[in-house]
$ cat coords_7.pdb   # PDB, C-alpha atoms and all ligand atoms
MODEL        1
ATOM      1  CA  MET A 237     -73.082-254.630  89.086  1.00  0.00           C
ATOM      2  CA  VAL A 238     -69.340-254.324  88.827  1.00  0.00           C
ATOM      3  CA  ASN A 239     -68.071-255.124  85.396  1.00  0.00           C
ATOM      4  CA  LYS A 240     -65.034-257.310  85.839  1.00  0.00           C
ATOM      5  CA  LYS A 241     -64.423-257.933  82.173  1.00  0.00           C
ATOM      6  CA  LYS A 242     -61.282-256.450  80.703  1.00  0.00           C
ATOM      7  CA  LEU A 243     -61.289-254.373  77.546  1.00  0.00           C
ATOM      8  CA  VAL A 244     -59.255-255.671  74.616  1.00  0.00           C
ATOM      9  CA  ILE A 245     -58.801-253.881  71.292  1.00  0.00           C
ATOM     10  CA  PHE A 246     -58.660-255.503  67.859  1.00  0.00           C
ATOM     11  CA  SER A 247     -57.855-252.920  65.220  1.00  0.00           C
ATOM     12  CA  ASP A 248     -57.619-253.229  61.485  1.00  0.00           C
ATOM     13  CA  PHE A 249     -54.557-251.612  59.863  1.00  0.00           C
ATOM     14  CA  ASP A 250     -55.309-250.479  56.289  1.00  0.00           C
ATOM     15  CA  GLY A 251     -57.609-247.470  56.215  1.00  0.00           C
ATOM     16  CA  THR A 252     -58.151-247.728  59.987  1.00  0.00           C
ATOM     17  CA  ILE A 253     -54.799-247.070  61.659  1.00  0.00           C
ATOM     18  CA  THR A 254     -53.620-245.530  58.391  1.00  0.00           C
ATOM     19  CA  GLU A 255     -55.676-242.822  56.727  1.00  0.00           C
ATOM     20  CA  ARG A 256     -55.610-244.580  53.362  1.00  0.00           C
ATOM     21  CA  ASP A 257     -55.516-248.295  52.614  1.00  0.00           C
ATOM     22  CA  VAL A 258     -51.795-249.017  52.175  1.00  0.00           C
ATOM     23  CA  ILE A 259     -52.488-252.036  49.922  1.00  0.00           C
ATOM     24  CA  ILE A 260     -54.330-249.688  47.549  1.00  0.00           C
ATOM     25  CA  MET A 261     -51.510-247.129  47.758  1.00  0.00           C
ATOM     26  CA  ILE A 262     -48.955-249.828  46.885  1.00  0.00           C
ATOM     27  CA  MET A 263     -51.078-251.112  43.982  1.00  0.00           C
ATOM     28  CA  GLU A 264     -51.616-247.621  42.563  1.00  0.00           C
ATOM     29  CA  LYS A 265     -47.866-247.072  42.546  1.00  0.00           C
ATOM     30  CA  PHE A 266     -46.434-250.481  41.621  1.00  0.00           C
ATOM     31  CA  ALA A 267     -49.084-252.722  40.010  1.00  0.00           C
ATOM     32  CA  PRO A 268     -50.244-252.943  36.384  1.00  0.00           C
ATOM     33  CA  SER A 269     -53.681-251.374  35.907  1.00  0.00           C
ATOM     34  CA  LYS A 270     -55.613-254.653  36.067  1.00  0.00           C
ATOM     35  CA  TRP A 271     -55.330-254.513  39.851  1.00  0.00           C
ATOM     36  CA  VAL A 272     -58.408-252.234  39.835  1.00  0.00           C
ATOM     37  CA  GLU A 273     -60.605-254.942  38.353  1.00  0.00           C
ATOM     38  CA  ILE A 274     -59.377-257.465  40.939  1.00  0.00           C
ATOM     39  CA  LYS A 275     -60.037-254.985  43.766  1.00  0.00           C
ATOM     40  CA  ASP A 276     -63.598-254.370  42.514  1.00  0.00           C
ATOM     41  CA  LYS A 277     -64.239-258.105  42.342  1.00  0.00           C
ATOM     42  CA  ILE A 278     -63.075-258.465  45.949  1.00  0.00           C
ATOM     43  CA  LEU A 279     -64.780-255.462  47.503  1.00  0.00           C
ATOM     44  CA  TYR A 280     -67.812-254.678  45.363  1.00  0.00           C
ATOM     45  CA  ASN A 281     -68.897-257.691  43.277  1.00  0.00           C
ATOM     46  CA  ARG A 282     -67.587-260.022  45.983  1.00  0.00           C
ATOM     47  CA  THR A 283     -66.822-262.707  43.401  1.00  0.00           C
ATOM     48  CA  ILE A 284     -63.237-263.210  44.632  1.00  0.00           C
ATOM     49  CA  THR A 285     -62.608-264.171  48.269  1.00  0.00           C
ATOM     50  CA  LEU A 286     -60.472-261.925  50.418  1.00  0.00           C
ATOM     51  CA  LYS A 287     -57.772-264.590  50.591  1.00  0.00           C
ATOM     52  CA  ASN A 288     -57.571-265.130  46.836  1.00  0.00           C
ATOM     53  CA  GLY A 289     -57.897-261.429  46.170  1.00  0.00           C
ATOM     54  CA  VAL A 290     -54.971-260.371  48.341  1.00  0.00           C
ATOM     55  CA  GLU A 291     -52.931-263.195  46.809  1.00  0.00           C
ATOM     56  CA  MET A 292     -53.820-262.048  43.281  1.00  0.00           C
ATOM     57  CA  LEU A 293     -53.033-258.415  44.032  1.00  0.00           C
ATOM     58  CA  PHE A 294     -49.588-259.089  45.485  1.00  0.00           C
ATOM     59  CA  GLY A 295     -48.993-261.631  42.723  1.00  0.00           C
ATOM     60  CA  LEU A 296     -48.957-258.648  40.344  1.00  0.00           C
ATOM     61  CA  LEU A 297     -45.862-257.213  42.017  1.00  0.00           C
ATOM     62  CA  GLU A 298     -42.222-258.055  41.327  1.00  0.00           C
ATOM     63  CA  SER A 299     -40.370-259.456  44.343  1.00  0.00           C
ATOM     64  CA  SER A 300     -37.369-257.374  43.288  1.00  0.00           C
ATOM     65  CA  LYS A 301     -39.340-254.227  44.193  1.00  0.00           C
ATOM     66  CA  LYS A 302     -39.483-255.232  47.877  1.00  0.00           C
ATOM     67  CA  ASP A 303     -37.219-252.478  49.235  1.00  0.00           C
ATOM     68  CA  GLU A 304     -38.812-249.830  47.061  1.00  0.00           C
ATOM     69  CA  ILE A 305     -42.303-250.846  48.220  1.00  0.00           C
ATOM     70  CA  ILE A 306     -41.257-250.803  51.882  1.00  0.00           C
ATOM     71  CA  ALA A 307     -39.685-247.348  51.547  1.00  0.00           C
ATOM     72  CA  TYR A 308     -42.783-246.076  49.748  1.00  0.00           C
ATOM     73  CA  ALA A 309     -45.177-247.412  52.396  1.00  0.00           C
ATOM     74  CA  LYS A 310     -43.065-246.044  55.225  1.00  0.00           C
ATOM     75  CA  ASN A 311     -42.790-242.587  53.669  1.00  0.00           C
ATOM     76  CA  GLU A 312     -46.283-242.199  52.302  1.00  0.00           C
ATOM     77  CA  ALA A 313     -48.633-243.938  54.747  1.00  0.00           C
ATOM     78  CA  LYS A 314     -50.204-241.425  57.130  1.00  0.00           C
ATOM     79  CA  ILE A 315     -51.255-242.570  60.587  1.00  0.00           C
ATOM     80  CA  ARG A 316     -54.774-241.516  61.601  1.00  0.00           C
ATOM     81  CA  SER A 317     -54.840-238.745  64.134  1.00  0.00           C
ATOM     82  CA  GLY A 318     -55.006-239.622  67.802  1.00  0.00           C
ATOM     83  CA  PHE A 319     -53.413-243.040  67.249  1.00  0.00           C
ATOM     84  CA  LYS A 320     -50.362-242.369  69.383  1.00  0.00           C
ATOM     85  CA  GLU A 321     -52.500-240.878  72.158  1.00  0.00           C
ATOM     86  CA  PHE A 322     -54.890-243.822  71.992  1.00  0.00           C
ATOM     87  CA  LEU A 323     -52.002-246.285  72.344  1.00  0.00           C
ATOM     88  CA  ASN A 324     -50.740-244.320  75.351  1.00  0.00           C
ATOM     89  CA  PHE A 325     -54.230-244.441  76.831  1.00  0.00           C
ATOM     90  CA  CYS A 326     -54.359-248.231  76.281  1.00  0.00           C
ATOM     91  CA  SER A 327     -50.959-248.746  77.935  1.00  0.00           C
ATOM     92  CA  HIS A 328     -51.975-246.548  80.837  1.00  0.00           C
ATOM     93  CA  GLU A 329     -55.269-248.428  81.303  1.00  0.00           C
ATOM     94  CA  ASN A 330     -53.585-251.778  80.758  1.00  0.00           C
ATOM     95  CA  ILE A 331     -55.693-252.513  77.656  1.00  0.00           C
ATOM     96  CA  GLU A 332     -54.148-254.838  75.094  1.00  0.00           C
ATOM     97  CA  PHE A 333     -53.994-253.361  71.562  1.00  0.00           C
ATOM     98  CA  ASN A 334     -53.916-255.950  68.763  1.00  0.00           C
ATOM     99  CA  VAL A 335     -53.547-255.136  65.082  1.00  0.00           C
ATOM    100  CA  LEU A 336     -55.387-257.679  62.905  1.00  0.00           C
ATOM    101  CA  SER A 337     -54.711-257.272  59.223  1.00  0.00           C
ATOM    102  CA  GLY A 338     -55.275-259.020  55.931  1.00  0.00           C
ATOM    103  CA  GLY A 339     -52.214-257.072  54.723  1.00  0.00           C
ATOM    104  CA  LEU A 340     -48.634-258.261  54.935  1.00  0.00           C
ATOM    105  CA  ASP A 341     -45.824-257.879  57.479  1.00  0.00           C
ATOM    106  CA  PHE A 342     -43.282-256.248  55.174  1.00  0.00           C
ATOM    107  CA  PHE A 343     -45.204-252.985  54.926  1.00  0.00           C
ATOM    108  CA  ILE A 344     -47.217-253.047  58.170  1.00  0.00           C
ATOM    109  CA  GLU A 345     -44.244-253.486  60.506  1.00  0.00           C
ATOM    110  CA  PRO A 346     -42.172-250.610  59.075  1.00  0.00           C
ATOM    111  CA  VAL A 347     -45.177-248.245  59.148  1.00  0.00           C
ATOM    112  CA  LEU A 348     -45.864-249.140  62.801  1.00  0.00           C
ATOM    113  CA  GLU A 349     -42.230-249.344  63.847  1.00  0.00           C
ATOM    114  CA  GLU A 350     -42.242-246.477  66.330  1.00  0.00           C
ATOM    115  CA  TYR A 351     -45.300-247.921  68.099  1.00  0.00           C
ATOM    116  CA  LYS A 352     -44.213-251.544  68.242  1.00  0.00           C
ATOM    117  CA  SER A 353     -43.673-251.703  72.010  1.00  0.00           C
ATOM    118  CA  LYS A 354     -47.335-250.803  72.561  1.00  0.00           C
ATOM    119  CA  LEU A 355     -49.089-253.210  70.223  1.00  0.00           C
ATOM    120  CA  LYS A 356     -49.136-256.734  68.846  1.00  0.00           C
ATOM    121  CA  ILE A 357     -49.461-257.413  65.107  1.00  0.00           C
ATOM    122  CA  PHE A 358     -51.289-260.399  63.587  1.00  0.00           C
ATOM    123  CA  CYS A 359     -50.808-260.655  59.818  1.00  0.00           C
ATOM    124  CA  ASN A 360     -49.373-262.921  57.150  1.00  0.00           C
ATOM    125  CA  SER A 361     -45.920-262.507  55.621  1.00  0.00           C
ATOM    126  CA  GLY A 362     -44.603-261.585  52.219  1.00  0.00           C
ATOM    127  CA  ASP A 363     -42.540-264.245  50.452  1.00  0.00           C
ATOM    128  CA  PHE A 364     -40.009-262.847  47.980  1.00  0.00           C
ATOM    129  CA  ASN A 365     -38.443-266.092  46.765  1.00  0.00           C
ATOM    130  CA  SER A 366     -40.315-266.160  43.455  1.00  0.00           C
ATOM    131  CA  GLU A 367     -40.428-263.607  40.672  1.00  0.00           C
ATOM    132  CA  LYS A 368     -43.712-262.200  42.014  1.00  0.00           C
ATOM    133  CA  ILE A 369     -44.628-261.619  45.649  1.00  0.00           C
ATOM    134  CA  ARG A 370     -46.334-264.549  47.339  1.00  0.00           C
ATOM    135  CA  ILE A 371     -47.872-264.979  50.777  1.00  0.00           C
ATOM    136  CA  LYS A 372     -46.705-267.093  53.663  1.00  0.00           C
ATOM    137  CA  TYR A 373     -49.825-267.817  55.720  1.00  0.00           C
ATOM    138  CA  SER A 374     -49.823-267.900  59.510  1.00  0.00           C
ATOM    139  CA  TYR A 375     -53.484-267.123  60.234  1.00  0.00           C
ATOM    140  CA  LEU A 376     -55.563-269.102  57.769  1.00  0.00           C
ATOM    141  CA  PRO A 377     -59.012-269.969  59.152  1.00  0.00           C
ATOM    142  CA  LEU A 378     -58.966-273.416  60.744  1.00  0.00           C
ATOM    143  CA  GLN A 379     -62.640-273.886  61.538  1.00  0.00           C
ATOM    144  CA  CYS A 380     -64.194-270.463  61.119  1.00  0.00           C
ATOM    145  CA  SER A 381     -67.905-270.991  60.726  1.00  0.00           C
ATOM    146  CA  LEU A 382     -68.759-267.455  59.662  1.00  0.00           C
ATOM    147  CA  CYS A 383     -67.013-267.335  56.292  1.00  0.00           C
ATOM    148  CA  GLY A 384     -63.575-268.940  56.084  1.00  0.00           C
ATOM    149  CA  ASP A 385     -62.792-266.683  53.126  1.00  0.00           C
ATOM    150  CA  CYS A 386     -59.956-264.677  54.645  1.00  0.00           C
ATOM    151  CA  GLY A 387     -56.221-265.321  54.442  1.00  0.00           C
ATOM    152  CA  CYS A 388     -55.985-263.911  57.953  1.00  0.00           C
ATOM    153  CA  CYS A 389     -58.950-265.045  60.040  1.00  0.00           C
ATOM    154  CA  LYS A 390     -59.615-262.170  62.406  1.00  0.00           C
ATOM    155  CA  ILE A 391     -62.404-264.097  64.109  1.00  0.00           C
ATOM    156  CA  GLU A 392     -60.193-266.952  65.266  1.00  0.00           C
ATOM    157  CA  ILE A 393     -57.657-264.483  66.671  1.00  0.00           C
ATOM    158  CA  ILE A 394     -60.433-262.604  68.496  1.00  0.00           C
ATOM    159  CA  GLU A 395     -61.960-265.843  69.850  1.00  0.00           C
ATOM    160  CA  LYS A 396     -58.718-266.564  71.751  1.00  0.00           C
ATOM    161  CA  HIS A 397     -59.883-263.795  74.079  1.00  0.00           C
ATOM    162  CA  GLU A 398     -62.930-265.411  75.610  1.00  0.00           C
ATOM    163  CA  LYS A 399     -66.068-263.334  75.740  1.00  0.00           C
ATOM    164  CA  GLU A 400     -66.689-264.337  79.331  1.00  0.00           C
ATOM    165  CA  GLN A 401     -63.521-262.516  80.334  1.00  0.00           C
ATOM    166  CA  PHE A 402     -63.174-259.695  77.854  1.00  0.00           C
ATOM    167  CA  ILE A 403     -65.131-256.820  76.355  1.00  0.00           C
ATOM    168  CA  ARG A 404     -63.947-257.267  72.787  1.00  0.00           C
ATOM    169  CA  VAL A 405     -63.668-254.050  70.793  1.00  0.00           C
ATOM    170  CA  LEU A 406     -63.200-254.040  67.028  1.00  0.00           C
ATOM    171  CA  ILE A 407     -62.041-250.991  65.069  1.00  0.00           C
ATOM    172  CA  GLY A 408     -62.310-251.192  61.295  1.00  0.00           C
ATOM    173  CA  ASP A 409     -63.193-249.626  57.973  1.00  0.00           C
ATOM    174  CA  SER A 410     -64.025-252.222  55.340  1.00  0.00           C
ATOM    175  CA  LEU A 411     -65.311-255.594  54.200  1.00  0.00           C
ATOM    176  CA  THR A 412     -62.507-257.454  56.016  1.00  0.00           C
ATOM    177  CA  ASP A 413     -63.991-256.208  59.284  1.00  0.00           C
ATOM    178  CA  LEU A 414     -67.576-257.269  58.647  1.00  0.00           C
ATOM    179  CA  ALA A 415     -67.389-260.917  59.759  1.00  0.00           C
ATOM    180  CA  PRO A 416     -65.421-260.111  62.951  1.00  0.00           C
ATOM    181  CA  SER A 417     -68.016-257.404  63.745  1.00  0.00           C
ATOM    182  CA  ARG A 418     -70.468-260.219  64.402  1.00  0.00           C
ATOM    183  CA  VAL A 419     -68.472-261.745  67.260  1.00  0.00           C
ATOM    184  CA  VAL A 420     -67.284-258.700  69.228  1.00  0.00           C
ATOM    185  CA  ASP A 421     -69.045-256.574  71.848  1.00  0.00           C
ATOM    186  CA  VAL A 422     -68.355-253.139  70.402  1.00  0.00           C
ATOM    187  CA  VAL A 423     -67.601-252.049  66.832  1.00  0.00           C
ATOM    188  CA  PHE A 424     -66.037-248.717  65.921  1.00  0.00           C
ATOM    189  CA  ALA A 425     -66.574-248.214  62.209  1.00  0.00           C
ATOM    190  CA  ARG A 426     -65.707-245.851  59.403  1.00  0.00           C
ATOM    191  CA  GLY A 427     -65.632-246.029  55.611  1.00  0.00           C
ATOM    192  CA  ASP A 428     -67.414-248.814  53.715  1.00  0.00           C
ATOM    193  CA  LEU A 429     -67.748-250.909  56.870  1.00  0.00           C
ATOM    194  CA  ILE A 430     -70.588-248.601  57.969  1.00  0.00           C
ATOM    195  CA  LYS A 431     -72.544-249.475  54.832  1.00  0.00           C
ATOM    196  CA  TYR A 432     -72.070-253.237  55.368  1.00  0.00           C
ATOM    197  CA  LEU A 433     -73.005-253.013  59.052  1.00  0.00           C
ATOM    198  CA  LYS A 434     -76.165-251.080  58.218  1.00  0.00           C
ATOM    199  CA  GLN A 435     -77.129-253.706  55.637  1.00  0.00           C
ATOM    200  CA  GLU A 436     -76.688-256.443  58.223  1.00  0.00           C
ATOM    201  CA  LYS A 437     -78.225-254.432  61.080  1.00  0.00           C
ATOM    202  CA  ILE A 438     -75.149-254.724  63.288  1.00  0.00           C
ATOM    203  CA  SER A 439     -74.803-251.808  65.690  1.00  0.00           C
ATOM    204  CA  TYR A 440     -71.649-249.693  65.641  1.00  0.00           C
ATOM    205  CA  ILE A 441     -70.118-246.449  66.815  1.00  0.00           C
ATOM    206  CA  PRO A 442     -68.885-244.259  63.950  1.00  0.00           C
ATOM    207  CA  PHE A 443     -65.444-242.645  64.310  1.00  0.00           C
ATOM    208  CA  ASN A 444     -63.173-240.355  62.354  1.00  0.00           C
ATOM    209  CA  ASP A 445     -60.054-240.491  64.497  1.00  0.00           C
ATOM    210  CA  PHE A 446     -58.620-242.278  67.519  1.00  0.00           C
ATOM    211  CA  TYR A 447     -59.370-239.358  69.849  1.00  0.00           C
ATOM    212  CA  GLU A 448     -63.044-240.179  69.354  1.00  0.00           C
ATOM    213  CA  VAL A 449     -62.476-243.891  69.980  1.00  0.00           C
ATOM    214  CA  LYS A 450     -60.635-243.080  73.188  1.00  0.00           C
ATOM    215  CA  GLU A 451     -63.270-240.671  74.402  1.00  0.00           C
ATOM    216  CA  LYS A 452     -66.189-242.989  73.698  1.00  0.00           C
ATOM    217  CA  LEU A 453     -64.502-246.029  75.243  1.00  0.00           C
ATOM    218  CA  ALA A 454     -63.542-244.072  78.336  1.00  0.00           C
ATOM    219  CA  GLN A 455     -67.093-242.720  78.669  1.00  0.00           C
ATOM    220  CA  LYS A 456     -68.681-246.111  78.192  1.00  0.00           C
ATOM    221  CA  TYR A 457     -66.403-248.300  80.266  1.00  0.00           C
ATOM    222  CA  LEU A 458     -64.042-246.364  82.476  1.00  0.00           C
ATOM    223  CA  THR A 459     -66.113-243.710  84.212  1.00  0.00           C
ATOM    224  CA  ARG A 460     -68.363-246.196  86.023  1.00  0.00           C
ATOM    225  CA  LYS A 461     -66.586-247.974  88.837  1.00  0.00           C
TER     226      LYS A 461
HETATM  227 MG    MG B 501     -59.086-251.806  56.320  1.00  0.00          MG
ENDMDL
END
$ encode --input "coords_7.pdb" --output "structure tokens"
Amino acid sequence: MVNKKKLVIFSDFDGTITERDVIIMIMEKFAPSKWVEIKDKILYNRTITLKNGVEMLFGLLESSKKDEIIAYAKNEAKIRSGFKEFLNFCSHENIEFNVLSGGLDFFIEPVLEEYKSKLKIFCNSGDFNSEKIRIKYSYLPLQCSLCGDCGCCKIEIIEKHEKEQFIRVLIGDSLTDLAPSRVVDVVFARGDLIKYLKQEKISYIPFNDFYEVKEKLAQKYLTRK
């Protein structure tokens, strides 16, 4: 049977496109040490929701540090290998590449600046009008039935690409990618996400870099006509 569905990519940013989580890098450099406890409550104890957690973390940072934080993220964040080649592959194959992130525009956009013509970014924005950084929400969950705990609901963004028409591919590395893993067709996973997917018996393809993602996608979907 000819598969007429189109591939579409939904990729996480922190720790997926970048080698390290840029939120963590920013906290290590600019936040008072209590950020660690908040992070553990979000990721390990799971007693703080992702939305509240990200809000609390950025609420530790002075708005006046904005330019310094941007420069730091841009200089220090390393892009995972094969990313550029994977984006070229997606453009060539006419596959949409969407970045879905619980992080914020002011560090994601500068880090991805040279790639911006080949991808679309969905994330919330930093608000620097108060003493501490706040969040301007654009992607709060409206009626997400799976959790509704995220400040940026990846599921509702994914659902705009109907499963009858698309093969939805998620690429991710952590807890923020667990709920969306339940609604897509293919999950590429690394980092802690693997542990969560195993616990929930959701199948996935492990990856270390974007060369592997490209190769496996091409093998699976593009060699059969
Ligand atoms: Mg991540």
$ residues_near_ligand --input "coords_7.pdb" --ligand "ligand MG 501 (chain B)" --cutoff "9 Å" --atoms "only C-alpha atoms and all ligand atoms" --output "ChimeraX atom specification"
/A:248-254,256-258,337-339,408-413,427,429
$ resolve_selection --input "coords_7.pdb" --expression "the PyMOL selection byres (((chain A and resi 340-350) around 10) and not hetatm)" --output "number ranges by chain"
A: 249-250, 253-254, 258-259, 262, 290, 294, 302-303, 305-315, 320, 335, 337-339, 351-355, 357-363, 371-373, 388
$ atom_distance --input "coords_7.pdb" --atom1 "CA of Lys399 (chain A)" --atom2 "CA of Pro416 (chain A)"
13.2 Å
$ axis_aligned_box --input "coords_7.pdb" --around "region 301-306 of chain A" --padding-each-side "8 Å" --output "lines of an AutoDock Vina configuration file"
center_x = -39.8
center_y = -252.5
center_z = 48.0
size_x = 21.1
size_y = 21.4
size_z = 23.7
$ closest_residue --input "coords_7.pdb" --among "A:Ser417, A:Asn281, A:Asn444, A:Asn365" --to "Arg404 (chain A)" --atoms "only C-alpha atoms"
A:Ser417
$ resolve_selection --input "coords_7.pdb" --expression "the PyMOL selection byres (((chain A and resi 318) around 12) and not hetatm)" --output "short mmCIF file (atom, residue, chain, number, x, y, z; two decimals) with C-alpha atoms, in the frame of the given file"
data_model
loop_
_atom_site.label_atom_id
_atom_site.label_comp_id
_atom_site.auth_asym_id
_atom_site.auth_seq_id
_atom_site.Cartn_x
_atom_site.Cartn_y
_atom_site.Cartn_z
CA THR A 252 -58.15 -247.73 59.99
CA ILE A 253 -54.80 -247.07 61.66
CA THR A 254 -53.62 -245.53 58.39
CA GLU A 255 -55.68 -242.82 56.73
CA LYS A 314 -50.20 -241.42 57.13
CA ILE A 315 -51.26 -242.57 60.59
CA ARG A 316 -54.77 -241.52 61.60
CA SER A 317 -54.84 -238.74 64.13
CA PHE A 319 -53.41 -243.04 67.25
CA LYS A 320 -50.36 -242.37 69.38
CA GLU A 321 -52.50 -240.88 72.16
CA PHE A 322 -54.89 -243.82 71.99
CA LEU A 323 -52.00 -246.28 72.34
CA ASN A 324 -50.74 -244.32 75.35
CA PHE A 325 -54.23 -244.44 76.83
CA PHE A 443 -65.44 -242.64 64.31
CA ASN A 444 -63.17 -240.36 62.35
CA ASP A 445 -60.05 -240.49 64.50
CA PHE A 446 -58.62 -242.28 67.52
CA TYR A 447 -59.37 -239.36 69.85
CA GLU A 448 -63.04 -240.18 69.35
CA VAL A 449 -62.48 -243.89 69.98
CA LYS A 450 -60.64 -243.08 73.19
CA GLU A 451 -63.27 -240.67 74.40
#
$ closest_residue --input "coords_7.pdb" --among "A:Ser299, A:Ser247, A:Ser439, A:Asn288" --to "Gly384 (chain A)" --atoms "only C-alpha atoms"
A:Asn288
$ resolve_selection --input "coords_7.pdb" --expression "the PyMOL selection byres (((chain A and resi 268-279) around 9) and not hetatm)" --output "PyMOL selection string"
chain A and resi 260+263-267+280-286+288-290+292-293+296-297+410-411
$ write_last_selection --input "coords_7.pdb" --atoms "C-alpha atoms" --output "PDB file, keeping the file's coordinate frame"
ATOM      1  CA  ILE A 260     -54.330-249.688  47.549  1.00  0.00           C
ATOM      2  CA  MET A 263     -51.078-251.112  43.982  1.00  0.00           C
ATOM      3  CA  GLU A 264     -51.616-247.621  42.563  1.00  0.00           C
ATOM      4  CA  LYS A 265     -47.866-247.072  42.546  1.00  0.00           C
ATOM      5  CA  PHE A 266     -46.434-250.481  41.621  1.00  0.00           C
ATOM      6  CA  ALA A 267     -49.084-252.722  40.010  1.00  0.00           C
ATOM      7  CA  TYR A 280     -67.812-254.678  45.363  1.00  0.00           C
ATOM      8  CA  ASN A 281     -68.897-257.691  43.277  1.00  0.00           C
ATOM      9  CA  ARG A 282     -67.587-260.022  45.983  1.00  0.00           C
ATOM     10  CA  THR A 283     -66.822-262.707  43.401  1.00  0.00           C
ATOM     11  CA  ILE A 284     -63.237-263.210  44.632  1.00  0.00           C
ATOM     12  CA  THR A 285     -62.608-264.171  48.269  1.00  0.00           C
ATOM     13  CA  LEU A 286     -60.472-261.925  50.418  1.00  0.00           C
ATOM     14  CA  ASN A 288     -57.571-265.130  46.836  1.00  0.00           C
ATOM     15  CA  GLY A 289     -57.897-261.429  46.170  1.00  0.00           C
ATOM     16  CA  VAL A 290     -54.971-260.371  48.341  1.00  0.00           C
ATOM     17  CA  MET A 292     -53.820-262.048  43.281  1.00  0.00           C
ATOM     18  CA  LEU A 293     -53.033-258.415  44.032  1.00  0.00           C
ATOM     19  CA  LEU A 296     -48.957-258.648  40.344  1.00  0.00           C
ATOM     20  CA  LEU A 297     -45.862-257.213  42.017  1.00  0.00           C
ATOM     21  CA  SER A 410     -64.025-252.222  55.340  1.00  0.00           C
ATOM     22  CA  LEU A 411     -65.311-255.594  54.200  1.00  0.00           C
TER      23      LEU A 411
END
$ closest_residue --input "coords_7.pdb" --among "A:Glu291, A:Glu367, A:Glu400, A:Asp421" --to "Ile245 (chain A)" --atoms "only C-alpha atoms"
A:Asp421
$ closest_residue --input "coords_7.pdb" --among "A:Ile394, A:Leu453, A:Ala425, A:Val244" --to "Tyr440 (chain A)" --atoms "all atoms listed in the file"
A:Ala425
$ atom_distance --input "coords_7.pdb" --atom1 "CA of Phe364 (chain A)" --atom2 "CA of Ser300 (chain A)"
7.7 Å
$ build_atoms --input "coords_7.pdb" --residues "region 253-264 of chain A" --atoms "N, CA, C and O atoms" --output "tab-separated table (two decimals), in the frame of the given file"
chain	number	residue	atom	x	y	z
A	253	ILE	N	-55.94	-247.74	61.01
A	253	ILE	CA	-54.80	-247.07	61.66
A	253	ILE	C	-54.19	-246.07	60.67
A	253	ILE	O	-53.81	-244.97	61.03
A	254	THR	N	-54.11	-246.47	59.41
A	254	THR	CA	-53.62	-245.53	58.39
A	254	THR	C	-54.82	-244.80	57.78
A	254	THR	O	-55.92	-245.34	57.74
A	255	GLU	N	-54.57	-243.59	57.32
A	255	GLU	CA	-55.68	-242.82	56.73
A	255	GLU	C	-56.16	-243.46	55.44
A	255	GLU	O	-57.35	-243.55	55.19
A	256	ARG	N	-55.21	-243.89	54.59
A	256	ARG	CA	-55.61	-244.58	53.36
A	256	ARG	C	-55.19	-246.04	53.46
A	256	ARG	O	-54.27	-246.38	54.18
A	257	ASP	N	-55.86	-246.89	52.68
A	257	ASP	CA	-55.52	-248.30	52.61
A	257	ASP	C	-54.13	-248.42	51.96
A	257	ASP	O	-53.95	-248.01	50.80
A	258	VAL	N	-53.18	-248.96	52.69
A	258	VAL	CA	-51.80	-249.02	52.18
A	258	VAL	C	-51.68	-250.02	51.03
A	258	VAL	O	-50.88	-249.83	50.11
A	259	ILE	N	-52.51	-251.08	51.04
A	259	ILE	CA	-52.49	-252.04	49.92
A	259	ILE	C	-52.86	-251.28	48.63
A	259	ILE	O	-52.19	-251.41	47.61
A	260	ILE	N	-53.90	-250.47	48.72
A	260	ILE	CA	-54.33	-249.69	47.55
A	260	ILE	C	-53.22	-248.72	47.12
A	260	ILE	O	-52.93	-248.58	45.93
A	261	MET	N	-52.60	-248.07	48.09
A	261	MET	CA	-51.51	-247.13	47.76
A	261	MET	C	-50.38	-247.85	47.02
A	261	MET	O	-49.83	-247.34	46.05
A	262	ILE	N	-50.04	-249.05	47.51
A	262	ILE	CA	-48.96	-249.83	46.88
A	262	ILE	C	-49.37	-250.24	45.47
A	262	ILE	O	-48.57	-250.15	44.52
A	263	MET	N	-50.61	-250.69	45.31
A	263	MET	CA	-51.08	-251.11	43.98
A	263	MET	C	-51.07	-249.94	43.01
A	263	MET	O	-50.62	-250.07	41.88
A	264	GLU	N	-51.58	-248.80	43.44
A	264	GLU	CA	-51.62	-247.62	42.56
A	264	GLU	C	-50.22	-247.30	42.05
A	264	GLU	O	-50.04	-246.91	40.90
